[in-house]
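The next block holds one structure in the form of structure tokens; read it before the comments.
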Amino acid sequence: MQVVDAHCHIYPSKIAEKAVDSVGEFYQIEMLGSEVEGVGTVTRGTGEHLLGVSAPSDITRHIVYSVAIKPSTVRSINDFIAAECAANGQFVGFMAMHQDFEDMEAEVDRAVGLGLKGIKLHPDTQGVDLDDPRLMRLYQIAEARDLPVVIHTGDYRYDYSHPRRLRRVLHEFPRLRVNGAHFGGWSVFDLACEILEHERCFVDVSSSMRYLGRRRSRELIELYGADRVLFGSDFPMWSPAEELEHLRALELDRRDMEKILLRNAERFVEEDLA
């Protein structure tokens, strides 16, 4: 079965180690190590690292992106992601954007011209409400261009990415394709499901199953419906190969697994990813 990892972060080699450490500090976790079987030590968080740790698995495609913490980094991130995708056919790239970027529309169009397929936002690390008027303008641009958006959603420490804010966005932009990452609410999984269970969005399983356990992970997939769930690893937090095994351990119906591993990602991106 073809497998798409719909949630991967990658960084340029010159800043990758620092970026990975920063993410680990933000979430107070030990990030994925740098040893790759058959390759040796690589720079953590790079595209090479992602491909190396995914090689033992059946993962065939990776949706990759990075987060713009400052508006000044948006263009360089988008250039980097586009170059990584051009160099490796397994990658499907999403652009970065920042709420204070001066001309969002022009940069979105430029990034699309580079071959990028969607937009990635992380309200908590970008310090902006998910439904801030500046981002609402971005959603308007994305909806008009039929671009999917991945949004980190949920964190018990912050209100920026609260699932209720995502619900407002979904109601305001009914044609916008959104992946509310981490089952719609990292660390507030049950609250997220209460708010988003009957809304029109995708969710992914990244950084979730190891906290929820098998029983609750299965229950959330059933509540959201397998038609809405994407497989994602949240690399470089975790090994994509190991996260895939966590999903397979749920022993879902084969048809549901095909949706989660491939078909839903194709619907989200609106592209054949097999």
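Just so we're on the same page: first chain in the structure tokens is A, next is B, and so on; residues restart at 1 for each chain, and ligands are numbered from 1 in the order they show up.
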12 Å contact set for Met209 in chain A, only C-alpha atoms, chain neighbours under 5 positions out, as a ChimeraX atom specification: /A:182-183,186-187,189,204,214-221,231-234,238,242-250
Report as a VMD selection string all protein, DNA and RNA residues lying within 9 Å of range 191-194 of chain A, evaluated on only C-alpha atoms, omitting residues in the same chain fewer than 6 positions from it. chain A and resid 153 to 154 162 to 164 183 to 185 220 223 to 224
Output N, CA and C atoms of each residue in that selection to a file, as an mmCIF file, in the first residue's frame.
data_model
loop_
_atom_site.group_PDB
_atom_site.id
_atom_site.type_symbol
_atom_site.label_atom_id
_atom_site.label_comp_id
_atom_site.auth_asym_id
_atom_site.auth_seq_id
_atom_site.Cartn_x
_atom_site.Cartn_y
_atom_site.Cartn_z
ATOM 1 N N THR A 153 -2.900 22.880 15.605
ATOM 2 C CA THR A 153 -4.079 23.211 16.399
ATOM 3 C C THR A 153 -3.957 22.582 17.780
ATOM 4 N N GLY A 154 -4.184 23.407 18.826
ATOM 5 C CA GLY A 154 -4.247 22.913 20.189
ATOM 6 C C GLY A 154 -2.941 22.947 20.944
ATOM 7 N N HIS A 162 -6.462 27.438 19.723
ATOM 8 C CA HIS A 162 -7.587 26.711 20.310
ATOM 9 C C HIS A 162 -8.521 26.206 19.214
ATOM 10 N N PRO A 163 -9.043 24.986 19.334
ATOM 11 C CA PRO A 163 -9.926 24.446 18.296
ATOM 12 C C PRO A 163 -11.141 25.311 17.999
ATOM 13 N N ARG A 164 -11.631 26.071 18.976
ATOM 14 C CA ARG A 164 -12.786 26.925 18.696
ATOM 15 C C ARG A 164 -12.439 27.995 17.661
ATOM 16 N N PHE A 183 -4.973 15.612 15.542
ATOM 17 C CA PHE A 183 -6.365 15.288 15.880
ATOM 18 C C PHE A 183 -7.146 16.539 16.242
ATOM 19 N N GLY A 184 -6.821 17.669 15.619
ATOM 20 C CA GLY A 184 -7.560 18.906 15.830
ATOM 21 C C GLY A 184 -7.234 19.631 17.111
ATOM 22 N N GLY A 185 -6.308 19.102 17.920
ATOM 23 C CA GLY A 185 -6.000 19.800 19.172
ATOM 24 C C GLY A 185 -4.970 19.073 20.005
ATOM 25 N N LEU A 220 -11.038 8.070 18.424
ATOM 26 C CA LEU A 220 -11.050 9.378 17.772
ATOM 27 C C LEU A 220 -11.155 9.240 16.254
ATOM 28 N N LEU A 223 -14.736 8.602 15.639
ATOM 29 C CA LEU A 223 -15.572 9.776 15.861
ATOM 30 C C LEU A 223 -15.450 10.785 14.723
ATOM 31 N N TYR A 224 -14.211 11.049 14.293
ATOM 32 C CA TYR A 224 -14.015 11.975 13.176
ATOM 33 C C TYR A 224 -14.442 11.339 11.855
#
Residue contacts of range 103-105 of chain A (12 Å, only C-alpha atoms) excluding same-chain residues fewer than 5 positions away, as a list in words: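 Near neighbours after the sequence-gap exclusion: Pro71, Ser72, Val74, Arg75, Met95, Ala96, Met97, His98, Arg110, Ala111, Val112, Ile119, Arg134, Leu135, Met136, Arg137, Leu138, Tyr139, Gln140, Ile141, Ala142, Glu143, Ala144 and Arg145 of chain A.
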For the selection you just gave me, I'd like the residues written to a file as a short mmCIF file (atom, residue, chain, number, x, y, z; two decimals), in the first residue's frame, keeping N, CA and C atoms.
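Result file again10.cif:
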data_model
loop_
_atom_site.label_atom_id
_atom_site.label_comp_id
_atom_site.auth_asym_id
_atom_site.auth_seq_id
_atom_site.Cartn_x
_atom_site.Cartn_y
_atom_site.Cartn_z
N PRO A 71 8.59 37.49 9.64
CA PRO A 71 8.21 37.72 8.24
C PRO A 71 9.41 37.75 7.30
N SER A 72 10.57 38.12 7.81
CA SER A 72 11.76 38.22 6.97
C SER A 72 12.26 36.88 6.46
N VAL A 74 10.18 34.35 5.38
CA VAL A 74 9.18 33.67 4.55
C VAL A 74 9.72 33.30 3.18
N ARG A 75 10.30 34.25 2.47
CA ARG A 75 10.75 33.99 1.11
C ARG A 75 11.87 32.94 1.08
N MET A 95 4.18 26.02 1.46
CA MET A 95 4.88 27.28 1.73
C MET A 95 4.69 27.74 3.17
N ALA A 96 5.63 28.56 3.62
CA ALA A 96 5.50 29.26 4.89
C ALA A 96 4.84 30.61 4.65
N MET A 97 4.18 31.12 5.70
CA MET A 97 3.67 32.49 5.67
C MET A 97 3.65 33.01 7.10
N HIS A 98 3.75 34.32 7.23
CA HIS A 98 3.73 34.98 8.54
C HIS A 98 2.67 36.07 8.51
N ARG A 110 3.89 33.72 -5.88
CA ARG A 110 5.27 33.37 -6.22
C ARG A 110 5.58 31.93 -5.80
N ALA A 111 5.14 31.57 -4.59
CA ALA A 111 5.42 30.22 -4.08
C ALA A 111 4.69 29.16 -4.90
N VAL A 112 3.48 29.46 -5.31
CA VAL A 112 2.76 28.53 -6.19
C VAL A 112 3.52 28.37 -7.50
N ILE A 119 -0.13 25.75 2.25
CA ILE A 119 0.39 26.70 3.24
C ILE A 119 0.47 26.01 4.60
N ARG A 134 -5.40 39.18 10.36
CA ARG A 134 -4.32 39.06 9.38
C ARG A 134 -4.31 37.69 8.74
N LEU A 135 -4.55 36.65 9.54
CA LEU A 135 -4.62 35.30 8.98
C LEU A 135 -5.93 35.06 8.24
N MET A 136 -6.98 35.72 8.69
CA MET A 136 -8.24 35.59 7.95
C MET A 136 -8.07 36.07 6.51
N ARG A 137 -7.26 37.11 6.32
CA ARG A 137 -6.95 37.57 4.97
C ARG A 137 -6.20 36.49 4.19
N LEU A 138 -5.28 35.79 4.86
CA LEU A 138 -4.55 34.71 4.21
C LEU A 138 -5.48 33.57 3.81
N TYR A 139 -6.42 33.21 4.69
CA TYR A 139 -7.37 32.15 4.35
C TYR A 139 -8.22 32.55 3.14
N GLN A 140 -8.55 33.82 3.06
CA GLN A 140 -9.30 34.30 1.91
C GLN A 140 -8.50 34.10 0.62
N ILE A 141 -7.22 34.41 0.69
CA ILE A 141 -6.33 34.21 -0.47
C ILE A 141 -6.25 32.72 -0.81
N ALA A 142 -6.07 31.88 0.19
CA ALA A 142 -5.95 30.44 -0.03
C ALA A 142 -7.23 29.86 -0.61
N GLU A 143 -8.35 30.26 -0.07
CA GLU A 143 -9.62 29.74 -0.57
C GLU A 143 -9.84 30.14 -2.03
N ALA A 144 -9.48 31.37 -2.36
CA ALA A 144 -9.65 31.84 -3.74
C ALA A 144 -8.79 31.06 -4.72
N ARG A 145 -7.63 30.57 -4.26
CA ARG A 145 -6.70 29.82 -5.11
C ARG A 145 -6.82 28.31 -4.91
#
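The shortest atom-to-atom distance to Ser76 in chain A, with only C-alpha atoms taken into account, belongs to A:Glu107 out of A:Lys18, A:Ile59, A:Glu107, A:His122.
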Have a look at A:Gly213, A:Pro148, A:Pro133, A:Pro56 and name the one nearest to Arg267 in chain A; count only C-alpha atoms.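 Smallest separation from Arg267 in chain A among the options: A:Pro148.
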I need the helix (DSSP H, G or I) residues of range 95-260 of chain A per DSSP on the backbone, written as a VMD selection string. chain A and resid 104 to 113 123 to 126 133 to 145 163 to 172 189 to 196 209 to 224 226 to 228 240 to 248 254 to 260
